[in-house]
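Enquirer: This is the content of model-v1.txt (compact mmCIF, C-alpha atoms):
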# COMPACT_ATOMS: atom_id res chain seq x y z
CA MET U 1 -68.57 -33.37 86.16
CA VAL U 2 -66.00 -30.59 85.68
CA MET U 3 -65.63 -30.16 89.46
CA LYS U 4 -65.15 -33.93 89.86
CA LYS U 5 -62.44 -33.91 87.21
CA MET U 6 -60.68 -30.98 88.93
CA LEU U 7 -60.77 -32.78 92.28
CA LEU U 8 -59.37 -35.96 90.76
CA THR U 9 -56.59 -33.99 89.06
CA ALA U 10 -55.70 -32.24 92.32
CA LEU U 11 -55.77 -35.55 94.21
CA PHE U 12 -53.50 -37.14 91.60
CA GLY U 13 -51.03 -34.27 91.99
CA VAL U 14 -50.93 -34.65 95.77
CA VAL U 15 -50.54 -38.45 95.60
CA PHE U 16 -47.87 -38.15 92.92
CA GLY U 17 -45.95 -35.66 95.04
CA LEU U 18 -46.15 -37.86 98.15
CA LEU U 19 -45.01 -40.93 96.24
CA LEU U 20 -42.13 -39.02 94.71
CA GLN U 21 -40.90 -37.71 98.03
CA ALA U 22 -41.30 -41.13 99.67
CA GLN U 23 -38.88 -42.76 97.27
CA GLU U 24 -35.62 -43.82 98.84
CA ILE U 25 -32.46 -42.01 97.80
CA GLU U 26 -29.87 -44.38 96.39
CA VAL U 27 -26.35 -43.82 97.70
CA PRO U 28 -23.88 -45.22 95.16
CA GLN U 29 -20.63 -46.76 96.37
CA SER U 30 -18.67 -44.67 93.90
CA ASN U 31 -15.48 -42.69 94.38
CA ARG U 32 -15.52 -39.52 92.24
CA PRO U 33 -12.72 -37.01 92.78
CA LEU U 34 -12.96 -33.27 92.19
CA ILE U 35 -11.12 -31.49 89.37
CA THR U 36 -11.08 -27.70 89.72
CA LYS U 37 -9.77 -25.00 87.43
CA ARG U 38 -8.84 -21.78 89.25
CA THR U 39 -9.47 -19.11 86.66
CA ALA U 40 -10.49 -15.53 85.90
CA GLU U 41 -12.13 -13.95 82.87
CA TRP U 42 -9.32 -11.34 82.57
CA CYS U 43 -6.56 -14.00 82.48
CA PRO U 44 -5.11 -14.53 78.96
CA HIS U 45 -3.51 -17.88 79.81
CA CYS U 46 -6.85 -19.11 81.14
CA GLY U 47 -8.22 -18.59 77.64
CA THR U 48 -5.32 -20.15 75.71
CA TRP U 49 -3.39 -23.17 77.02
CA GLY U 50 -5.51 -23.19 80.19
CA TRP U 51 -8.67 -23.31 78.09
CA THR U 52 -7.38 -26.30 76.13
CA MET U 53 -6.31 -28.01 79.34
CA PHE U 54 -9.75 -27.64 80.91
CA GLU U 55 -11.52 -28.84 77.75
CA ASN U 56 -9.30 -31.94 77.68
CA LEU U 57 -9.77 -32.69 81.38
CA LEU U 58 -13.52 -32.36 80.94
CA LEU U 59 -13.48 -34.62 77.90
CA ASP U 60 -11.40 -37.27 79.67
CA ASN U 61 -13.05 -37.27 83.09
CA GLU U 62 -16.58 -35.84 83.12
CA ASP U 63 -18.12 -39.30 83.68
CA ASP U 64 -15.69 -40.24 86.46
CA ALA U 65 -15.09 -36.98 88.32
CA LEU U 66 -16.75 -33.68 89.13
CA VAL U 67 -15.03 -31.13 86.86
CA LEU U 68 -15.55 -27.46 87.78
CA SER U 69 -14.41 -24.05 86.63
CA ALA U 70 -14.08 -21.69 89.62
CA HIS U 71 -13.55 -17.96 89.00
CA TYR U 72 -11.68 -16.54 91.99
CA SER U 73 -11.45 -13.04 90.46
CA GLY U 74 -12.95 -10.91 87.71
CA SER U 75 -16.46 -10.48 86.34
CA TYR U 76 -17.58 -14.08 86.98
CA MET U 77 -16.25 -14.36 90.53
CA ASN U 78 -18.56 -15.39 93.38
CA THR U 79 -18.03 -16.11 97.07
CA VAL U 80 -18.04 -19.89 96.85
CA SER U 81 -15.51 -19.97 93.96
CA LEU U 82 -13.22 -17.56 95.80
CA GLU U 83 -13.29 -19.44 99.10
CA ILE U 84 -12.90 -22.92 97.60
CA THR U 85 -9.93 -21.92 95.41
CA ASN U 86 -8.35 -20.11 98.37
CA ASN U 87 -8.77 -23.33 100.33
CA PHE U 88 -6.70 -25.18 97.70
CA GLY U 89 -3.93 -22.57 97.80
CA GLY U 90 -1.88 -21.19 94.92
CA PHE U 91 -1.22 -17.63 93.87
CA SER U 92 -1.71 -17.54 90.10
CA GLN U 93 -4.05 -18.65 87.35
CA PRO U 94 -4.87 -20.92 85.72
CA ARG U 95 -4.25 -23.58 88.36
CA PHE U 96 -5.63 -27.11 88.15
CA TYR U 97 -6.36 -29.21 91.23
CA LEU U 98 -7.25 -32.87 91.64
CA ASN U 99 -9.05 -32.92 94.97
CA ASN U 100 -6.72 -30.68 97.02
CA GLN U 101 -3.55 -31.35 95.04
CA ASP U 102 -2.18 -28.72 92.64
CA GLN U 103 -1.20 -30.48 89.40
CA ASN U 104 1.38 -27.77 88.53
CA ALA U 105 0.15 -27.43 84.96
CA THR U 106 1.98 -25.06 82.63
CA SER U 107 1.88 -24.18 78.95
CA SER U 108 4.63 -26.73 78.26
CA ASN U 109 3.50 -29.84 80.17
CA GLY U 110 -0.16 -30.08 79.13
CA THR U 111 -0.03 -33.60 77.72
CA THR U 112 1.83 -34.94 80.74
CA VAL U 113 -0.57 -33.36 83.24
CA ARG U 114 -3.59 -34.52 81.24
CA ASN U 115 -2.36 -38.12 81.24
CA ASN U 116 -1.39 -38.00 84.93
CA VAL U 117 -4.79 -36.67 85.95
CA ARG U 118 -6.57 -39.32 83.89
CA SER U 119 -4.46 -42.04 85.52
CA GLN U 120 -5.10 -40.70 89.04
CA VAL U 121 -8.85 -40.41 88.44
CA SER U 122 -8.98 -43.99 87.16
CA ASP U 123 -7.09 -45.19 90.22
CA LEU U 124 -9.36 -43.26 92.62
CA ASN U 125 -12.45 -44.67 90.87
CA THR U 126 -11.36 -48.19 91.81
CA GLN U 127 -10.89 -47.40 95.50
CA PRO U 128 -13.82 -48.04 97.87
CA PRO U 129 -15.31 -44.77 99.11
CA VAL U 130 -15.14 -43.64 102.72
CA ALA U 131 -18.52 -41.99 102.18
CA GLN U 132 -20.79 -40.91 99.34
CA THR U 133 -23.93 -38.83 98.90
CA GLY U 134 -27.01 -39.78 96.93
CA LEU U 135 -29.22 -36.94 95.73
CA ARG U 136 -32.57 -36.29 94.13
CA VAL U 137 -33.40 -32.99 92.49
CA PHE U 138 -36.98 -32.06 91.75
CA ILE U 139 -39.26 -29.13 91.04
CA GLU U 140 -42.04 -28.49 93.51
CA ASP U 141 -44.17 -25.38 94.07
CA ASN U 142 -41.95 -23.24 91.84
CA GLN U 143 -38.84 -24.21 93.77
CA LEU U 144 -35.84 -26.41 93.11
CA ARG U 145 -35.48 -28.90 95.97
CA VAL U 146 -32.43 -31.08 96.59
CA LYS U 147 -32.77 -34.04 98.96
CA THR U 148 -29.59 -35.87 99.94
CA GLN U 149 -28.50 -38.86 101.96
CA THR U 150 -24.86 -39.32 102.91
CA GLN U 151 -23.67 -42.77 103.99
CA PHE U 152 -20.31 -43.83 105.41
CA PHE U 153 -19.01 -47.12 104.05
CA GLN U 154 -15.90 -47.04 106.24
CA GLU U 155 -15.13 -45.55 109.61
CA GLY U 156 -14.32 -41.88 109.04
CA GLN U 157 -11.09 -40.38 110.28
CA ASP U 158 -11.21 -37.88 113.12
CA GLY U 159 -12.27 -34.46 111.90
CA ASP U 160 -15.26 -32.33 111.07
CA TYR U 161 -17.23 -33.67 108.10
CA TYR U 162 -19.28 -31.26 106.01
CA LEU U 163 -21.67 -31.66 103.08
CA GLY U 164 -21.79 -28.96 100.44
CA ILE U 165 -24.54 -28.74 97.80
CA TYR U 166 -23.67 -26.59 94.81
CA LEU U 167 -25.36 -24.99 91.83
CA ILE U 168 -23.41 -25.44 88.59
CA GLU U 169 -24.05 -23.36 85.46
CA ARG U 170 -23.37 -25.90 82.73
CA SER U 171 -22.83 -23.38 79.94
CA TYR U 172 -22.38 -19.62 79.64
CA VAL U 173 -21.27 -17.79 76.50
CA GLY U 174 -19.26 -14.71 77.42
CA SER U 175 -15.93 -12.95 77.15
CA GLN U 176 -12.60 -14.55 78.09
CA ALA U 177 -9.18 -12.94 77.72
CA GLY U 178 -6.94 -14.89 75.37
CA TYR U 179 -9.91 -16.55 73.63
CA SER U 180 -10.86 -15.44 70.13
CA GLY U 181 -14.53 -14.47 70.09
CA GLN U 182 -17.15 -15.35 72.67
CA ALA U 183 -16.20 -18.34 74.83
CA ASN U 184 -18.49 -21.13 76.02
CA HIS U 185 -17.69 -21.33 79.73
CA LYS U 186 -18.59 -24.82 80.95
CA ASN U 187 -19.37 -26.13 84.44
CA MET U 188 -19.06 -22.80 86.23
CA LEU U 189 -19.34 -23.05 90.01
CA SER U 190 -22.09 -20.55 90.85
CA LYS U 191 -23.58 -20.89 94.34
CA SER U 192 -23.64 -22.91 97.54
CA LEU U 193 -27.17 -24.09 98.30
CA LEU U 194 -26.49 -25.37 101.82
CA GLY U 195 -24.82 -23.35 104.55
CA GLY U 196 -21.58 -21.59 103.67
CA SER U 197 -19.09 -22.32 100.91
CA PHE U 198 -18.28 -25.72 102.43
CA GLY U 199 -21.85 -26.62 103.33
CA GLU U 200 -23.19 -27.75 106.69
CA LEU U 201 -21.58 -29.90 109.37
CA LEU U 202 -22.53 -33.58 109.29
CA GLN U 203 -20.67 -34.65 112.42
CA SER U 204 -17.46 -34.02 114.33
CA GLY U 205 -15.01 -36.68 115.42
CA THR U 206 -14.91 -40.31 114.32
CA ILE U 207 -17.93 -41.41 112.27
CA ALA U 208 -18.93 -45.08 112.46
CA ASN U 209 -19.21 -47.29 109.39
CA GLY U 210 -22.86 -47.36 108.25
CA SER U 211 -23.73 -43.90 109.60
CA THR U 212 -26.20 -41.94 107.46
CA PHE U 213 -27.11 -38.26 107.34
CA GLU U 214 -29.92 -36.48 105.52
CA LYS U 215 -29.82 -32.89 104.26
CA GLU U 216 -32.15 -30.81 102.11
CA ALA U 217 -31.67 -27.56 100.19
CA VAL U 218 -34.41 -25.41 98.65
CA VAL U 219 -33.81 -22.65 96.12
CA THR U 220 -36.25 -20.48 94.17
CA TYR U 221 -36.06 -19.75 90.46
CA ASN U 222 -35.14 -16.15 91.29
CA ASP U 223 -32.18 -17.33 93.38
CA ILE U 224 -30.95 -19.51 90.51
CA ALA U 225 -31.36 -16.69 87.99
CA ALA U 226 -29.45 -14.32 90.27
CA ALA U 227 -26.58 -16.82 90.62
CA PHE U 228 -26.24 -17.48 86.90
CA GLU U 229 -24.16 -15.22 84.68
CA ASN U 230 -26.91 -15.06 82.05
CA GLY U 231 -29.36 -13.90 84.72
CA THR U 232 -32.10 -16.37 83.78
CA TYR U 233 -33.33 -19.76 84.92
CA ASN U 234 -33.09 -22.58 82.37
CA GLU U 235 -33.52 -26.10 83.72
CA ASN U 236 -31.42 -27.50 80.85
CA ASN U 237 -28.49 -25.44 82.13
CA VAL U 238 -28.66 -26.61 85.77
CA GLU U 239 -26.45 -29.20 87.43
CA ILE U 240 -26.45 -29.90 91.15
CA ALA U 241 -23.28 -31.22 92.77
CA THR U 242 -22.46 -32.52 96.23
CA ILE U 243 -19.04 -32.48 97.88
CA ILE U 244 -18.19 -34.19 101.17
CA TRP U 245 -15.40 -32.30 102.95
CA ARG U 246 -13.28 -33.22 105.98
CA LYS U 247 -11.87 -30.22 107.82
CA GLU U 248 -8.29 -30.50 109.07
CA GLY U 249 -7.26 -27.36 110.91
CA ASN U 250 -8.22 -24.56 108.53
CA THR U 251 -8.21 -26.74 105.40
CA TYR U 252 -11.21 -28.53 103.91
CA ARG U 253 -10.17 -31.74 102.16
CA VAL U 254 -12.26 -33.42 99.47
CA VAL U 255 -13.65 -36.80 100.51
CA ASN U 256 -16.03 -37.54 97.61
CA THR U 257 -18.36 -35.89 95.08
CA ASN U 258 -21.54 -36.63 93.19
CA SER U 259 -23.78 -34.68 90.79
CA SER U 260 -27.07 -34.77 88.91
CA ASN U 261 -28.66 -32.81 86.06
CA GLU U 262 -31.89 -34.84 86.14
CA LEU U 263 -34.83 -32.81 87.44
CA GLU U 264 -37.91 -34.73 88.56
CA ILE U 265 -41.36 -33.15 88.67
CA ALA U 266 -43.24 -33.23 91.97
CA SER U 267 -46.90 -32.42 92.65
CA GLY U 268 -47.68 -32.31 88.96
CA THR U 269 -45.99 -28.92 88.57
CA THR U 270 -43.44 -27.63 86.11
CA ALA U 271 -41.31 -24.55 85.86
CA PRO U 272 -43.55 -21.46 85.60
CA THR U 273 -44.58 -20.62 82.05
CA LEU U 274 -44.69 -17.08 80.74
CA GLN U 275 -47.95 -16.28 78.98
CA ALA U 276 -46.80 -15.10 75.56
CA ALA U 277 -47.32 -15.95 71.91
CA ILE U 278 -44.09 -16.26 69.91
CA LYS U 279 -44.04 -16.72 66.15
CA VAL U 280 -41.13 -16.78 63.71
CA LEU U 281 -41.65 -15.98 60.01
CA PRO U 282 -40.43 -17.77 58.04
CA ASN U 283 -40.19 -20.72 60.44
CA VAL U 284 -37.26 -22.16 58.49
CA VAL U 285 -34.63 -19.42 58.53
CA GLN U 286 -32.11 -18.90 55.76
CA GLN U 287 -30.52 -15.58 56.81
CA GLN U 288 -33.11 -13.47 58.63
CA ALA U 289 -36.56 -13.87 60.12
CA GLU U 290 -39.13 -11.71 61.88
CA VAL U 291 -39.96 -12.59 65.48
CA PHE U 292 -43.48 -11.67 66.55
CA ILE U 293 -44.33 -11.56 70.27
CA ASN U 294 -47.77 -10.91 71.71
CA LEU U 295 -47.98 -10.22 75.46
CA PRO U 296 -51.14 -9.96 77.56
CA ALA U 297 -49.28 -7.66 80.00
CA ALA U 298 -46.13 -5.55 79.90
CA LEU U 299 -42.80 -6.94 81.13
CA SER U 300 -40.35 -4.65 82.88
CA GLN U 301 -37.30 -6.94 82.73
CA ALA U 302 -37.68 -9.06 79.63
CA GLU U 303 -34.99 -10.95 77.79
CA LEU U 304 -35.39 -12.52 74.36
CA SER U 305 -32.55 -14.79 73.28
CA LEU U 306 -31.67 -17.67 70.98
CA TRP U 307 -30.40 -20.94 72.48
CA SER U 308 -28.83 -24.07 71.07
CA LEU U 309 -30.12 -27.52 71.99
CA ASP U 310 -27.12 -28.14 74.27
CA GLY U 311 -28.18 -25.28 76.56
CA ARG U 312 -25.99 -22.45 75.23
CA GLN U 313 -27.25 -18.91 74.70
CA VAL U 314 -25.94 -18.06 71.23
CA GLN U 315 -27.62 -14.70 70.62
CA LEU U 316 -29.22 -11.98 72.74
CA ILE U 317 -31.97 -10.32 70.72
CA HIS U 318 -33.56 -7.96 73.26
CA LYS U 319 -33.12 -7.03 76.90
CA GLY U 320 -35.30 -4.48 78.67
CA ASN U 321 -38.93 -3.43 78.86
CA LEU U 322 -41.62 -4.91 76.62
CA ALA U 323 -45.05 -3.34 76.24
CA SER U 324 -48.24 -5.36 76.23
CA GLY U 325 -49.54 -6.37 72.82
CA ALA U 326 -47.44 -6.92 69.72
CA SER U 327 -43.68 -6.45 69.43
CA PHE U 328 -41.44 -7.26 66.47
CA PHE U 329 -37.75 -8.17 66.34
CA THR U 330 -35.31 -9.32 63.67
CA LEU U 331 -33.52 -12.63 64.05
CA ASP U 332 -30.22 -12.64 62.13
CA ARG U 333 -28.57 -16.05 61.95
CA ALA U 334 -25.11 -14.45 61.53
CA ASN U 335 -22.54 -17.27 61.56
CA LEU U 336 -24.68 -19.85 63.36
CA SER U 337 -24.59 -23.41 62.06
CA SER U 338 -27.64 -25.07 60.56
CA GLY U 339 -29.82 -26.95 63.00
CA VAL U 340 -32.59 -26.69 65.57
CA TYR U 341 -32.55 -23.83 68.10
CA PHE U 342 -35.15 -22.29 70.36
CA LEU U 343 -36.18 -18.75 71.12
CA ARG U 344 -36.52 -18.06 74.82
CA LEU U 345 -38.44 -15.17 76.36
CA THR U 346 -38.16 -14.69 80.13
CA ASP U 347 -38.88 -12.13 82.80
CA GLY U 348 -36.39 -13.78 85.17
CA THR U 349 -38.91 -16.14 86.75
CA LYS U 350 -41.20 -17.36 83.95
CA VAL U 351 -40.23 -18.66 80.52
CA ALA U 352 -41.81 -19.02 77.07
CA THR U 353 -40.05 -20.81 74.20
CA SER U 354 -40.49 -21.43 70.49
CA ARG U 355 -38.51 -23.73 68.20
CA VAL U 356 -36.49 -22.26 65.33
CA ILE U 357 -34.84 -24.12 62.44
CA LEU U 358 -31.80 -22.61 60.75
CA GLN U 359 -31.26 -24.08 57.29
Mind turning this structure into structure tokens?
Expert:
Amino acid sequence: MVMKKMLLTALFGVVFGLLLQAQEIEVPQSNRPLITKRTAEWCPHCGTWGWTMFENLLLDNEDDALVLSAHYSGSYMNTVSLEITNNFGGFSQPRFYLNNQDQNATSSNGTTVRNNVRSQVSDLNTQPPVAQTGLRVFIEDNQLRVKTQTQFFQEGQDGDYYLGIYLIERSYVGSQAGYSGQANHKNMLSKSLLGGSFGELLQSGTIANGSTFEKEAVVTYNDIAAAFENGTYNENNVEIATIIWRKEGNTYRVVNTNSSNELEIASGTTAPTLQAAIKVLPNVVQQQAEVFINLPAALSQAELSLWSLDGRQVQLIHKGNLASGASFFTLDRANLSSGVYFLRLTDGTKVATSRVILQ
């Protein structure tokens, strides 16, 4: 009876996975421009008027555009951020671009630039797209898989068309010059998942109306953790974006964007779970609590941290080796607001969590 149940469970997982992968990818006829902040963690203006500008642009446009923070220099720099911001041009920071166009934002024209960008985004949203990409993101066999379909709704201009698939870190709490205290860096461009910084070639020359192209990217949890500033995989902190580029000479021009933070589950699997018992006493925390962890085996690269429900790491409690058996730590609420949080223990690939209430 047990063997029969196991076989049925396995069969269900296989069938579920096949059905999931067989689903068609919907390609929306939407036109979503790209808003990019060229920034660096050492830049004081990026953390003062530039910080406010980015927050306002995100607030105004996150439903209608892809809004990214790209560090071209400093501690948070990566290859894709450097090459994409170099593609847009400019020689200082912060710089704000709508598609390829520098908006010439300064400390004195913030309101004007904000309103102009909002107006341009609204206008672009109403225009029929040349092409758009539909995407599905799902977990399968301990990997993050991104399946895409790009469709042309108009005849494309002459040029080389590329599709880029990008990993976005939705939230990272870390230092920023000019910002008082630890800053919550949002929508950080972290990694290209397909080809180079501008993706893979779809087709050269004129592309006919109705043409479709399929691409797929696969990334492991370790690759995601290595790309993220916090060094750990957290599916609540993952967003996948697509950008269609048209290359003119040495310049890549934005054609359209799309994004998704919805992760489907394929083959009945989930993100790998770390085998650990985590208890917090008392479970409703006034000022301090004791965190008890019991591990069946030692961890050489463990990280214990406290996270908010919106995917922000708000406190690092321990980082380093953990012996098997019992370990004890103190959780100090410090200046954290009341509410529900969760403790997160990871070894970089597997995760264990426990809910915490701060009263």
Enquirer: Any idea what the distance is between CA of His318 in chain U and CA of Thr220 in chain U?
Expert: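 Separation of CA of His318 in chain U and CA of Thr220 in chain U: 24.5 Å.
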Enquirer: Under the rule that only C-alpha atoms are counted, which of U:Ala225, U:Ile278, U:Cys46, U:Leu202 is the nearest residue to Tyr179 in chain U?
Expert: U:Cys46
Enquirer: Hey, which bits of range 173-239 of chain U sit within 10 Å of range 70-83 of chain U, and for each residue what's the closest pair of atoms and how far apart in Å (one decimal), counting only C-alpha atoms, rows by chain and increasing number, as CSV?
Expert:
residue,atom,partner,partner_atom,distance
U:Gly174,CA,U:Tyr76,CA,9.7
U:Ser175,CA,U:Ser75,CA,9.5
U:Gln176,CA,U:Ser75,CA,10.0
U:Asn187,CA,U:Ala70,CA,8.6
U:Met188,CA,U:Ala70,CA,6.1
U:Leu189,CA,U:Ala70,CA,5.4
U:Ser190,CA,U:Asn78,CA,6.7
U:Lys191,CA,U:Val80,CA,6.2
U:Ser192,CA,U:Val80,CA,6.4
U:Gly196,CA,U:Val80,CA,7.9
U:Ser197,CA,U:Val80,CA,4.8
U:Phe198,CA,U:Val80,CA,8.1
U:Ala227,CA,U:Asn78,CA,8.6
U:Phe228,CA,U:Tyr76,CA,9.3
U:Glu229,CA,U:Tyr76,CA,7.1
Enquirer: If you measure from CA of Tyr162 in chain U to CA of Asn256 in chain U, what distance in Å do you get, rounded to one decimal?
Expert: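 Separation of CA of Tyr162 in chain U and CA of Asn256 in chain U: 11.0 Å.
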Enquirer: List the residues sitting within 12 Å of (-16.4, -18.0, 74.6) in the file's frame, using all atoms listed in the file, as a compact mmCIF listing (two decimals) with C-alpha atoms, in the frame of the given file.
Expert:
# COMPACT_ATOMS: atom_id res chain seq x y z
CA GLU U 41 -12.13 -13.95 82.87
CA CYS U 46 -6.85 -19.11 81.14
CA GLY U 47 -8.22 -18.59 77.64
CA THR U 48 -5.32 -20.15 75.71
CA TRP U 51 -8.67 -23.31 78.09
CA SER U 171 -22.83 -23.38 79.94
CA TYR U 172 -22.38 -19.62 79.64
CA VAL U 173 -21.27 -17.79 76.50
CA GLY U 174 -19.26 -14.71 77.42
CA SER U 175 -15.93 -12.95 77.15
CA GLN U 176 -12.60 -14.55 78.09
CA ALA U 177 -9.18 -12.94 77.72
CA GLY U 178 -6.94 -14.89 75.37
CA TYR U 179 -9.91 -16.55 73.63
CA SER U 180 -10.86 -15.44 70.13
CA GLY U 181 -14.53 -14.47 70.09
CA GLN U 182 -17.15 -15.35 72.67
CA ALA U 183 -16.20 -18.34 74.83
CA ASN U 184 -18.49 -21.13 76.02
CA HIS U 185 -17.69 -21.33 79.73
CA LYS U 186 -18.59 -24.82 80.95
CA ARG U 312 -25.99 -22.45 75.23
CA GLN U 313 -27.25 -18.91 74.70
CA VAL U 314 -25.94 -18.06 71.23
Enquirer: Nearest residue to Tyr166 in chain U out of U:Asn294, U:Asn321, U:Ser260, U:Thr330, using only C-alpha atoms?
Expert: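 Going through U:Asn294, U:Asn321, U:Ser260, U:Thr330 one by one, the smallest distance to Tyr166 in chain U is for U:Ser260.
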Enquirer: Can you measure CA of Leu34 in chain U to CA of Asn222 in chain U for me? One decimal in Å is fine.
Expert: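 CA of Asn222 in chain U lies at a distance of 28.0 Å from CA of Leu34 in chain U.
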